Structures are given as C-alpha cells and as structure tokens.
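Structure file protein.pdb; described as PDB, C-alpha atoms.
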```
ATOM      1  CA  MET A  23      33.084 128.084 126.435
ATOM      2  CA  ASP A  24      31.531 126.092 123.583
ATOM      3  CA  LYS A  25      34.807 126.476 121.688
ATOM      4  CA  LEU A  26      36.694 124.568 124.359
ATOM      5  CA  HIS A  27      36.621 120.908 125.327
ATOM      6  CA  SER A  28      35.764 119.295 128.645
ATOM      7  CA  LEU A  29      39.371 118.971 129.856
ATOM      8  CA  TYR A  30      39.794 122.740 129.624
ATOM      9  CA  TYR A  31      36.599 123.232 131.634
ATOM     10  CA  PHE A  32      37.739 120.767 134.308
ATOM     11  CA  LEU A  33      41.181 122.359 134.590
ATOM     12  CA  ASP A  34      39.667 125.838 134.794
ATOM     13  CA  LEU A  35      37.340 124.845 137.643
ATOM     14  CA  ALA A  36      40.193 123.019 139.378
ATOM     15  CA  GLY A  37      42.343 126.150 139.112
ATOM     16  CA  THR A  38      39.450 128.202 140.470
ATOM     17  CA  PHE A  39      39.188 125.878 143.471
ATOM     18  CA  ALA A  40      42.942 125.910 144.153
ATOM     19  CA  PHE A  41      43.274 129.681 143.876
ATOM     20  CA  ALA A  42      40.151 130.186 146.008
ATOM     21  CA  ILE A  43      41.735 128.134 148.787
ATOM     22  CA  SER A  44      44.921 130.173 148.410
ATOM     23  CA  GLY A  45      42.979 133.421 148.681
ATOM     24  CA  ALA A  46      40.773 132.252 151.547
ATOM     25  CA  THR A  47      43.780 131.000 153.500
ATOM     26  CA  ALA A  48      45.634 134.291 153.072
ATOM     27  CA  ALA A  49      42.504 136.260 154.044
ATOM     28  CA  LYS A  50      41.924 134.070 157.103
ATOM     29  CA  GLN A  51      45.526 134.562 158.190
ATOM     30  CA  ARG A  52      44.999 138.327 157.929
ATOM     31  CA  GLY A  53      41.949 138.111 160.211
ATOM     32  CA  LEU A  54      39.248 139.082 157.694
ATOM     33  CA  ASP A  55      35.608 138.289 158.437
ATOM     34  CA  LEU A  56      33.611 135.667 156.535
ATOM     35  CA  PHE A  57      32.497 138.081 153.823
ATOM     36  CA  GLY A  58      36.049 139.304 153.337
ATOM     37  CA  ILE A  59      37.332 135.729 153.090
ATOM     38  CA  CYS A  60      34.732 134.817 150.462
ATOM     39  CA  ALA A  61      35.363 138.031 148.530
ATOM     40  CA  ILE A  62      39.142 137.496 148.440
ATOM     41  CA  ALA A  63      38.649 133.841 147.475
ATOM     42  CA  PHE A  64      36.445 134.781 144.512
ATOM     43  CA  ILE A  65      38.689 137.637 143.368
ATOM     44  CA  VAL A  66      41.786 135.437 143.479
ATOM     45  CA  ALA A  67      40.013 132.532 141.792
ATOM     46  CA  CYS A  68      38.382 134.487 138.964
ATOM     47  CA  GLY A  69      40.329 137.745 138.654
ATOM     48  CA  GLY A  70      42.935 136.484 136.188
ATOM     49  CA  GLY A  71      40.316 134.663 134.107
ATOM     50  CA  ILE A  72      38.118 137.763 133.906
ATOM     51  CA  ILE A  73      41.052 139.823 132.656
ATOM     52  CA  ARG A  74      41.838 137.109 130.079
ATOM     53  CA  ASP A  75      38.250 136.917 128.848
ATOM     54  CA  LEU A  76      38.070 140.672 128.406
ATOM     55  CA  CYS A  77      41.271 140.548 126.356
ATOM     56  CA  VAL A  78      40.218 137.682 124.058
ATOM     57  CA  GLY A  79      36.715 139.047 123.538
ATOM     58  CA  ALA A  80      34.849 136.414 125.565
ATOM     59  CA  ILE A  81      32.351 138.945 126.892
ATOM     60  CA  PRO A  82      30.809 138.837 129.417
ATOM     61  CA  PRO A  83      33.568 136.897 131.224
ATOM     62  CA  ALA A  84      32.808 133.335 132.256
ATOM     63  CA  GLY A  85      33.810 134.104 135.838
ATOM     64  CA  LEU A  86      30.866 136.505 136.085
ATOM     65  CA  THR A  87      28.237 134.696 134.033
ATOM     66  CA  ASN A  88      28.844 131.027 134.851
ATOM     67  CA  TRP A  89      27.485 130.309 138.333
ATOM     68  CA  LYS A  90      29.787 127.305 138.751
ATOM     69  CA  TYR A  91      32.841 129.521 139.201
ATOM     70  CA  LEU A  92      31.202 131.436 142.043
ATOM     71  CA  VAL A  93      29.939 128.248 143.684
ATOM     72  CA  VAL A  94      33.357 126.581 143.464
ATOM     73  CA  ALA A  95      35.026 129.650 144.994
ATOM     74  CA  ILE A  96      32.488 129.832 147.852
ATOM     75  CA  ILE A  97      32.785 126.099 148.559
ATOM     76  CA  ALA A  98      36.579 126.392 148.665
ATOM     77  CA  ALA A  99      36.336 129.371 151.026
ATOM     78  CA  GLY A 100      33.883 127.498 153.265
ATOM     79  CA  LEU A 101      36.107 124.438 153.400
ATOM     80  CA  THR A 102      39.106 126.590 154.235
ATOM     81  CA  VAL A 103      37.281 128.258 157.120
ATOM     82  CA  GLY A 104      35.779 124.966 158.324
ATOM     83  CA  ILE A 105      39.013 122.981 158.352
ATOM     84  CA  PHE A 106      41.464 125.841 158.777
ATOM     85  CA  PRO A 107      43.513 124.013 161.468
ATOM     86  CA  ILE A 108      44.080 121.178 158.973
ATOM     87  CA  VAL A 109      44.939 123.590 156.163
ATOM     88  CA  GLN A 110      47.446 125.309 158.428
ATOM     89  CA  ARG A 111      49.269 122.022 159.010
ATOM     90  CA  LEU A 112      50.178 121.894 155.340
ATOM     91  CA  ASN A 113      53.615 123.232 154.538
ATOM     92  CA  ARG A 114      53.073 126.831 153.500
ATOM     93  CA  PRO A 115      49.475 126.228 152.309
ATOM     94  CA  VAL A 116      49.078 129.519 150.454
ATOM     95  CA  LEU A 117      52.156 128.797 148.341
ATOM     96  CA  LEU A 118      51.103 125.197 147.705
ATOM     97  CA  PHE A 119      47.609 125.993 146.437
ATOM     98  CA  ASP A 120      48.926 129.061 144.651
ATOM     99  CA  ALA A 121      51.355 126.829 142.740
ATOM    100  CA  VAL A 122      48.504 124.513 141.754
ATOM    101  CA  GLY A 123      46.343 127.415 140.610
ATOM    102  CA  LEU A 124      49.253 129.034 138.797
ATOM    103  CA  SER A 125      49.916 125.884 136.791
ATOM    104  CA  LEU A 126      46.274 125.226 135.927
ATOM    105  CA  PHE A 127      45.559 128.794 134.857
ATOM    106  CA  ALA A 128      48.759 129.130 132.818
ATOM    107  CA  VAL A 129      47.553 126.178 130.750
ATOM    108  CA  THR A 130      43.890 127.169 130.443
ATOM    109  CA  GLY A 131      44.732 130.811 129.762
ATOM    110  CA  ALA A 132      46.939 129.889 126.803
ATOM    111  CA  GLN A 133      44.382 127.331 125.597
ATOM    112  CA  LYS A 134      41.521 129.805 125.590
ATOM    113  CA  ALA A 135      43.518 132.451 123.742
ATOM    114  CA  LEU A 136      44.382 129.914 121.045
ATOM    115  CA  ALA A 137      40.774 128.696 120.885
ATOM    116  CA  TYR A 138      39.627 132.243 120.181
ATOM    117  CA  GLY A 139      41.979 132.526 117.219
ATOM    118  CA  HIS A 140      44.831 134.522 118.737
ATOM    119  CA  ASN A 141      48.467 133.885 117.885
ATOM    120  CA  GLY A 142      51.138 132.266 120.034
ATOM    121  CA  GLN A 143      52.438 135.517 121.489
ATOM    122  CA  VAL A 144      48.995 136.529 122.706
ATOM    123  CA  ALA A 145      48.414 133.023 124.066
ATOM    124  CA  VAL A 146      51.625 133.085 126.110
ATOM    125  CA  LEU A 147      50.969 136.563 127.480
ATOM    126  CA  LEU A 148      47.383 135.749 128.408
ATOM    127  CA  GLY A 149      48.470 132.439 129.926
ATOM    128  CA  ILE A 150      50.762 134.403 132.221
ATOM    129  CA  THR A 151      48.080 137.017 132.908
ATOM    130  CA  THR A 152      45.503 134.374 133.788
ATOM    131  CA  ALA A 153      47.976 132.626 136.082
ATOM    132  CA  VAL A 154      49.281 135.639 137.996
ATOM    133  CA  GLY A 155      46.340 138.057 137.842
ATOM    134  CA  GLY A 156      44.427 136.637 140.787
ATOM    135  CA  GLY A 157      47.519 136.418 142.964
ATOM    136  CA  VAL A 158      48.420 140.031 142.225
ATOM    137  CA  LEU A 159      44.908 141.167 143.178
ATOM    138  CA  ARG A 160      45.102 139.121 146.389
ATOM    139  CA  ASP A 161      48.421 140.614 147.438
ATOM    140  CA  VAL A 162      47.334 144.174 146.633
ATOM    141  CA  LEU A 163      44.095 143.827 148.587
ATOM    142  CA  LEU A 164      45.938 142.289 151.547
ATOM    143  CA  ASN A 165      48.606 145.004 151.441
ATOM    144  CA  ARG A 166      51.476 142.734 150.448
ATOM    145  CA  ILE A 167      54.125 143.061 147.771
ATOM    146  CA  PRO A 168      52.880 140.932 144.854
ATOM    147  CA  VAL A 169      54.954 137.798 144.366
ATOM    148  CA  ILE A 170      55.317 138.598 140.667
ATOM    149  CA  LEU A 171      57.264 141.761 141.574
ATOM    150  CA  GLU A 172      59.705 139.906 143.779
ATOM    151  CA  LYS A 173      62.663 137.790 142.727
ATOM    152  CA  GLU A 174      60.898 134.432 143.074
ATOM    153  CA  ILE A 175      60.342 132.082 140.121
ATOM    154  CA  TYR A 176      56.614 132.754 139.630
ATOM    155  CA  ALA A 177      55.700 134.383 136.329
ATOM    156  CA  SER A 178      58.611 132.469 134.782
ATOM    157  CA  ALA A 179      56.924 129.181 135.714
ATOM    158  CA  ALA A 180      53.666 130.385 134.127
ATOM    159  CA  LEU A 181      55.635 131.441 131.044
ATOM    160  CA  THR A 182      57.102 127.947 130.748
ATOM    161  CA  GLY A 183      53.711 126.260 130.999
ATOM    162  CA  SER A 184      52.150 128.615 128.464
ATOM    163  CA  LEU A 185      55.015 128.084 126.020
ATOM    164  CA  VAL A 186      54.593 124.309 126.185
ATOM    165  CA  VAL A 187      50.891 124.696 125.326
ATOM    166  CA  VAL A 188      51.629 127.002 122.393
ATOM    167  CA  LEU A 189      54.471 124.886 121.029
ATOM    168  CA  GLY A 190      52.380 121.753 121.341
ATOM    169  CA  ASN A 191      49.550 123.447 119.451
ATOM    170  CA  TYR A 192      51.806 124.520 116.577
ATOM    171  CA  LEU A 193      53.962 121.386 116.319
ATOM    172  CA  LYS A 194      51.087 118.910 116.771
ATOM    173  CA  TRP A 195      53.521 116.469 118.324
ATOM    174  CA  MET A 196      50.827 114.837 120.485
ATOM    175  CA  PRO A 197      47.112 115.244 121.308
ATOM    176  CA  SER A 198      46.231 118.583 122.908
ATOM    177  CA  ASP A 199      45.002 116.924 126.116
ATOM    178  CA  TRP A 200      48.414 115.378 126.674
ATOM    179  CA  VAL A 201      50.132 118.657 125.871
ATOM    180  CA  SER A 202      48.006 120.370 128.520
ATOM    181  CA  ILE A 203      48.829 117.734 131.136
ATOM    182  CA  ILE A 204      52.563 117.919 130.369
ATOM    183  CA  ALA A 205      52.500 121.726 130.491
ATOM    184  CA  LEU A 206      50.679 121.574 133.817
ATOM    185  CA  ILE A 207      53.212 119.177 135.322
ATOM    186  CA  ILE A 208      56.194 121.172 134.063
ATOM    187  CA  CYS A 209      54.844 124.471 135.378
ATOM    188  CA  PHE A 210      53.927 123.031 138.791
ATOM    189  CA  THR A 211      57.228 121.166 139.146
ATOM    190  CA  PHE A 212      59.222 124.244 138.162
ATOM    191  CA  ARG A 213      57.405 126.372 140.747
ATOM    192  CA  ILE A 214      57.699 123.788 143.548
ATOM    193  CA  LEU A 215      61.386 123.144 142.883
ATOM    194  CA  ALA A 216      62.021 126.882 142.883
ATOM    195  CA  LEU A 217      60.377 127.120 146.300
ATOM    196  CA  ARG A 218      62.155 124.040 147.619
ATOM    197  CA  TYR A 219      65.646 124.985 146.469
ATOM    198  CA  HIS A 220      65.214 128.764 146.657
ATOM    199  CA  TRP A 221      65.768 129.419 142.971
ATOM    200  CA  ASN A 222      65.402 133.122 142.348
ATOM    201  CA  LEU A 223      65.825 135.549 139.510
ATOM    202  CA  PRO A 224      68.654 138.082 139.836
ATOM    203  CA  ALA A 225      67.625 141.058 141.938
ATOM    204  CA  SER A 226      69.234 144.423 142.467
ATOM    205  CA  SER A 227      70.389 145.331 145.954
ATOM    206  CA  PRO A 228      68.116 147.794 147.751
ATOM    207  CA  THR A 229      69.468 151.308 147.774
ATOM    208  CA  SER A 230      70.220 152.544 151.248
ATOM    209  CA  SER A 231      68.650 155.846 152.262
ATOM    210  CA  THR A 232      72.031 156.907 153.610
ATOM    211  CA  ASP A 233      73.746 156.551 150.259
ATOM    212  CA  LYS A 234      74.978 159.835 148.938
ATOM    213  CA  ALA A 235      73.846 161.025 145.552
ATOM    214  CA  GLU A 236      76.347 161.157 142.757
ATOM    215  CA  PRO A 237      77.766 164.668 142.233
TER     216      PRO A 237
END
```
Just give me the structure as structure tokens.
Amino acid sequence: MDKLHSLYYFLDLAGTFAFAISGATAAKQRGLDLFGICAIAFIVACGGGIIRDLCVGAIPPAGLTNWKYLVVAIIAAGLTVGIFPIVQRLNRPVLLFDAVGLSLFAVTGAQKALAYGHNGQVAVLLGITTAVGGGVLRDVLLNRIPVILEKEIYASAALTGSLVVVLGNYLKWMPSDWVSIIALIICFTFRILALRYHWNLPASSPTSSTDKAEP
C-alpha cells in the first residue's frame, strides 16, 4: 500500500463498503443468519481485491492483513441489517451498490497493477478481475448465475473504467487523481445507463431440449 496514494486508499475502502452492502443485502434477501450475512459481505467486498493482490505479488493481500477492510465490511453489513427496511426502499439496492463497487474497484484494480510495475494489459485485466471477482463469488455462494456470465453490461463497464485509467497513465493528459475520478464516473454511468435502458450484449437463444440433433 505504500506505493499508492491516499486517493487510491479512499476509493478502495469506499468500494469495500459499497460491495459489502451489496453482499449483505443479497444475503439478507436470501434469509441467511447474521454470520452468513457478515461472511458474504466480507467475501464480496474483499474477494476481488485478494485475487488482484495475489496476481500482482502484493502478498499477503491487503484484504486479509489490513484490519480496516474487515471493519468496513462488518460495519456495512451491520448497517444493512439494522436499516434493512430503508435499504429495501432503494430501487434495486443490490444493483445500485454493486454498480458503485464495480466502478470503484475497476479503477483501484488497474491503479494497483500499474503501481506494481505491470503493463497496461495486466492493469486492464486485473481492473476487471477486481471489479467482478467479489460479485461472482457472491452469486456462486448464493446459488445464482453470476451477472458476468449473463448478457448484461457488467464486465464491459469495468473494462471501460480500467482502460481510461491505463490510457490516462500512459498519455499523461491530466493528473492521475483526475483520471481516476473520470474513469470512476464513466464506469458508473455506463453501468447505470445499461440498467436503465436495458442495454445488453448479444446473447444466443437457449437451445430447446426438444430440438432434434442434426443427422
């Protein structure tokens, strides 16, 4: 973490909080107990970052060694349980907080890869991994089809945010803090607009079980 500046640290904790709320809300909706809610919140909040840290060589991962990540995840889970009726009134709360976490982690994932000396390709891929990893773990544990495997604009939004970070780093067209903020806004806006206007990637039609095999 000493290689990264304070804005990265703030964004990473903010993403942890947002994804923890997303995970806790989904777990609460599935009827898990308090331990299960806290466990899902932490896994969603830190899962993608742990995978990223293992890949860039930041061992042991910050999500396991820095107590602030655990505390932020537990606080988010507690708030979700305590004010769950209010959280439920939000329009599709899991998707909202997931979009926030996706955007924050796409930016911080690409930033950390670059800070550890990796090239643009690695930074983009790890930005996507950081952004979608926790959500994939959440959906698998809650027995749902991961959003990344469906036709929704999800990983594509993370890809866009990561690309902006990488291009800004190479072109030096403005200070890195501003690049991060712009990438964050673009990724979040892209994801929210896709949800609002039902933008989807092309998907193949499901094959009916009654279809006859080709001779």
field: Result set of the PyMOL selection byres ((chain A and resi 132-143) around 9) on the coordinates above, as a PyMOL selection string
entry: chain A and resi 23+25-26+30+74-75+77-80+127-131+144-150+152+183-185+187-189+191-192+202
- prompt: Quick one: residues within 9 Å of Ile43 in chain A, all atoms listed in the file counted, chain neighbours fewer than 5 positions away excluded, as a PyMOL selection string?
  reply: chain A and resi 38+48+63+67+95+98-99+101-102+115-116+119-120
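Reported to one decimal place, the separation of CA of Thr211 in chain A from CA of Leu33 in chain A is 16.7 Å.
For Arg111 in chain A, the set of protein, DNA and RNA residues having any atom at most 12 Å away, when counting all atoms listed in the file and skipping those fewer than 6 positions along the same chain, is Thr47, Ile105 and Leu118 of chain A.
CA of Leu86 in chain A is positioned 17.5 Å from CA of Thr151 in chain A.
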query: Out of A:Leu124, A:Leu56, A:Ala84, A:Leu92, which residue has the shortest atom-to-atom distance to Gly37 in chain A when counting all atoms listed in the file?
result: A:Leu124
task: I would like the residues chosen by the PyMOL selection byres ((chain A and resi 221) around 12) on the shown file; could you give them as a PyMOL selection string?
output: chain A and resi 173-176+178-179+212-220+222-225
Could those selected residues go to a file with C-alpha atoms, as a PDB file, in the frame of the given file?
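The result, written out as again.pdb:
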```pdb
ATOM      1  CA  LYS A 173      62.663 137.790 142.727  1.00  0.00           C
ATOM      2  CA  GLU A 174      60.898 134.432 143.074  1.00  0.00           C
ATOM      3  CA  ILE A 175      60.342 132.082 140.121  1.00  0.00           C
ATOM      4  CA  TYR A 176      56.614 132.754 139.630  1.00  0.00           C
ATOM      5  CA  SER A 178      58.611 132.469 134.782  1.00  0.00           C
ATOM      6  CA  ALA A 179      56.924 129.181 135.714  1.00  0.00           C
ATOM      7  CA  PHE A 212      59.222 124.244 138.162  1.00  0.00           C
ATOM      8  CA  ARG A 213      57.405 126.372 140.747  1.00  0.00           C
ATOM      9  CA  ILE A 214      57.699 123.788 143.548  1.00  0.00           C
ATOM     10  CA  LEU A 215      61.386 123.144 142.883  1.00  0.00           C
ATOM     11  CA  ALA A 216      62.021 126.882 142.883  1.00  0.00           C
ATOM     12  CA  LEU A 217      60.377 127.120 146.300  1.00  0.00           C
ATOM     13  CA  ARG A 218      62.155 124.040 147.619  1.00  0.00           C
ATOM     14  CA  TYR A 219      65.646 124.985 146.469  1.00  0.00           C
ATOM     15  CA  HIS A 220      65.214 128.764 146.657  1.00  0.00           C
ATOM     16  CA  ASN A 222      65.402 133.122 142.348  1.00  0.00           C
ATOM     17  CA  LEU A 223      65.825 135.549 139.510  1.00  0.00           C
ATOM     18  CA  PRO A 224      68.654 138.082 139.836  1.00  0.00           C
ATOM     19  CA  ALA A 225      67.625 141.058 141.938  1.00  0.00           C
TER      20      ALA A 225
END
```
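The gap separating CA of Gly85 in chain A from CA of Leu206 in chain A is 21.1 Å, in Å to one decimal.
Take the candidates A:Val93, A:Ala49, A:Ala153, A:Leu181 and check each one against Gly123 in chain A using all atoms listed in the file; the shortest distance goes to A:Ala153.
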task: Please write the residues picked by the PyMOL selection byres ((chain A and resi 157-159) around 10) on this file as number ranges by chain.
output: A: 41, 44-45, 62, 65-67, 69-70, 120, 123-124, 151-156, 160-171
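Closest approach to Phe106 in chain A among A:Lys194, A:Ser125, A:Gln51, A:Lys90: A:Gln51, based on only C-alpha atoms.
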Using the partial input, fill out range 193-211 of chain A with N, CA and C atoms; write the result as an mmCIF file, in the frame of the given file.
```
data_model
loop_
_atom_site.group_PDB
_atom_site.id
_atom_site.type_symbol
_atom_site.label_atom_id
_atom_site.label_comp_id
_atom_site.auth_asym_id
_atom_site.auth_seq_id
_atom_site.Cartn_x
_atom_site.Cartn_y
_atom_site.Cartn_z
ATOM 1 N N LEU A 193 53.194 122.527 116.821
ATOM 2 C CA LEU A 193 53.962 121.386 116.319
ATOM 3 C C LEU A 193 53.109 120.132 116.158
ATOM 4 N N LYS A 194 51.988 120.071 116.849
ATOM 5 C CA LYS A 194 51.087 118.910 116.771
ATOM 6 C C LYS A 194 51.819 117.606 117.073
ATOM 7 N N TRP A 195 52.720 117.649 118.048
ATOM 8 C CA TRP A 195 53.521 116.469 118.324
ATOM 9 C C TRP A 195 52.800 115.433 119.176
ATOM 10 N N MET A 196 51.661 115.785 119.762
ATOM 11 C CA MET A 196 50.827 114.837 120.485
ATOM 12 C C MET A 196 49.453 115.463 120.690
ATOM 13 N N PRO A 197 48.450 114.692 121.098
ATOM 14 C CA PRO A 197 47.112 115.244 121.308
ATOM 15 C C PRO A 197 47.126 116.407 122.303
ATOM 16 N N SER A 198 46.240 117.366 122.095
ATOM 17 C CA SER A 198 46.231 118.583 122.908
ATOM 18 C C SER A 198 46.006 118.297 124.386
ATOM 19 N N ASP A 199 45.226 117.255 124.707
ATOM 20 C CA ASP A 199 45.002 116.924 126.116
ATOM 21 C C ASP A 199 46.307 116.551 126.802
ATOM 22 N N TRP A 200 47.128 115.766 126.100
ATOM 23 C CA TRP A 200 48.414 115.378 126.674
ATOM 24 C C TRP A 200 49.364 116.569 126.773
ATOM 25 N N VAL A 201 49.310 117.445 125.807
ATOM 26 C CA VAL A 201 50.132 118.657 125.871
ATOM 27 C C VAL A 201 49.759 119.474 127.105
ATOM 28 N N SER A 202 48.468 119.608 127.360
ATOM 29 C CA SER A 202 48.006 120.370 128.520
ATOM 30 C C SER A 202 48.485 119.745 129.824
ATOM 31 N N ILE A 203 48.398 118.422 129.918
ATOM 32 C CA ILE A 203 48.829 117.734 131.136
ATOM 33 C C ILE A 203 50.331 117.896 131.342
ATOM 34 N N ILE A 204 51.111 117.753 130.264
ATOM 35 C CA ILE A 204 52.563 117.919 130.369
ATOM 36 C C ILE A 204 52.914 119.346 130.763
ATOM 37 N N ALA A 205 52.247 120.325 130.145
ATOM 38 C CA ALA A 205 52.500 121.726 130.491
ATOM 39 C C ALA A 205 52.175 121.991 131.952
ATOM 40 N N LEU A 206 51.083 121.425 132.420
ATOM 41 C CA LEU A 206 50.679 121.574 133.817
ATOM 42 C C LEU A 206 51.732 121.010 134.759
ATOM 43 N N ILE A 207 52.211 119.816 134.463
ATOM 44 C CA ILE A 207 53.212 119.177 135.322
ATOM 45 C C ILE A 207 54.512 119.970 135.325
ATOM 46 N N ILE A 208 54.941 120.417 134.155
ATOM 47 C CA ILE A 208 56.194 121.172 134.063
ATOM 48 C C ILE A 208 56.100 122.472 134.855
ATOM 49 N N CYS A 209 55.007 123.196 134.677
ATOM 50 C CA CYS A 209 54.844 124.471 135.378
ATOM 51 C C CYS A 209 54.819 124.265 136.887
ATOM 52 N N PHE A 210 54.031 123.288 137.349
ATOM 53 C CA PHE A 210 53.927 123.031 138.791
ATOM 54 C C PHE A 210 55.269 122.578 139.361
ATOM 55 N N THR A 211 55.935 121.668 138.659
ATOM 56 C CA THR A 211 57.228 121.166 139.146
ATOM 57 C C THR A 211 58.261 122.283 139.219
#
```
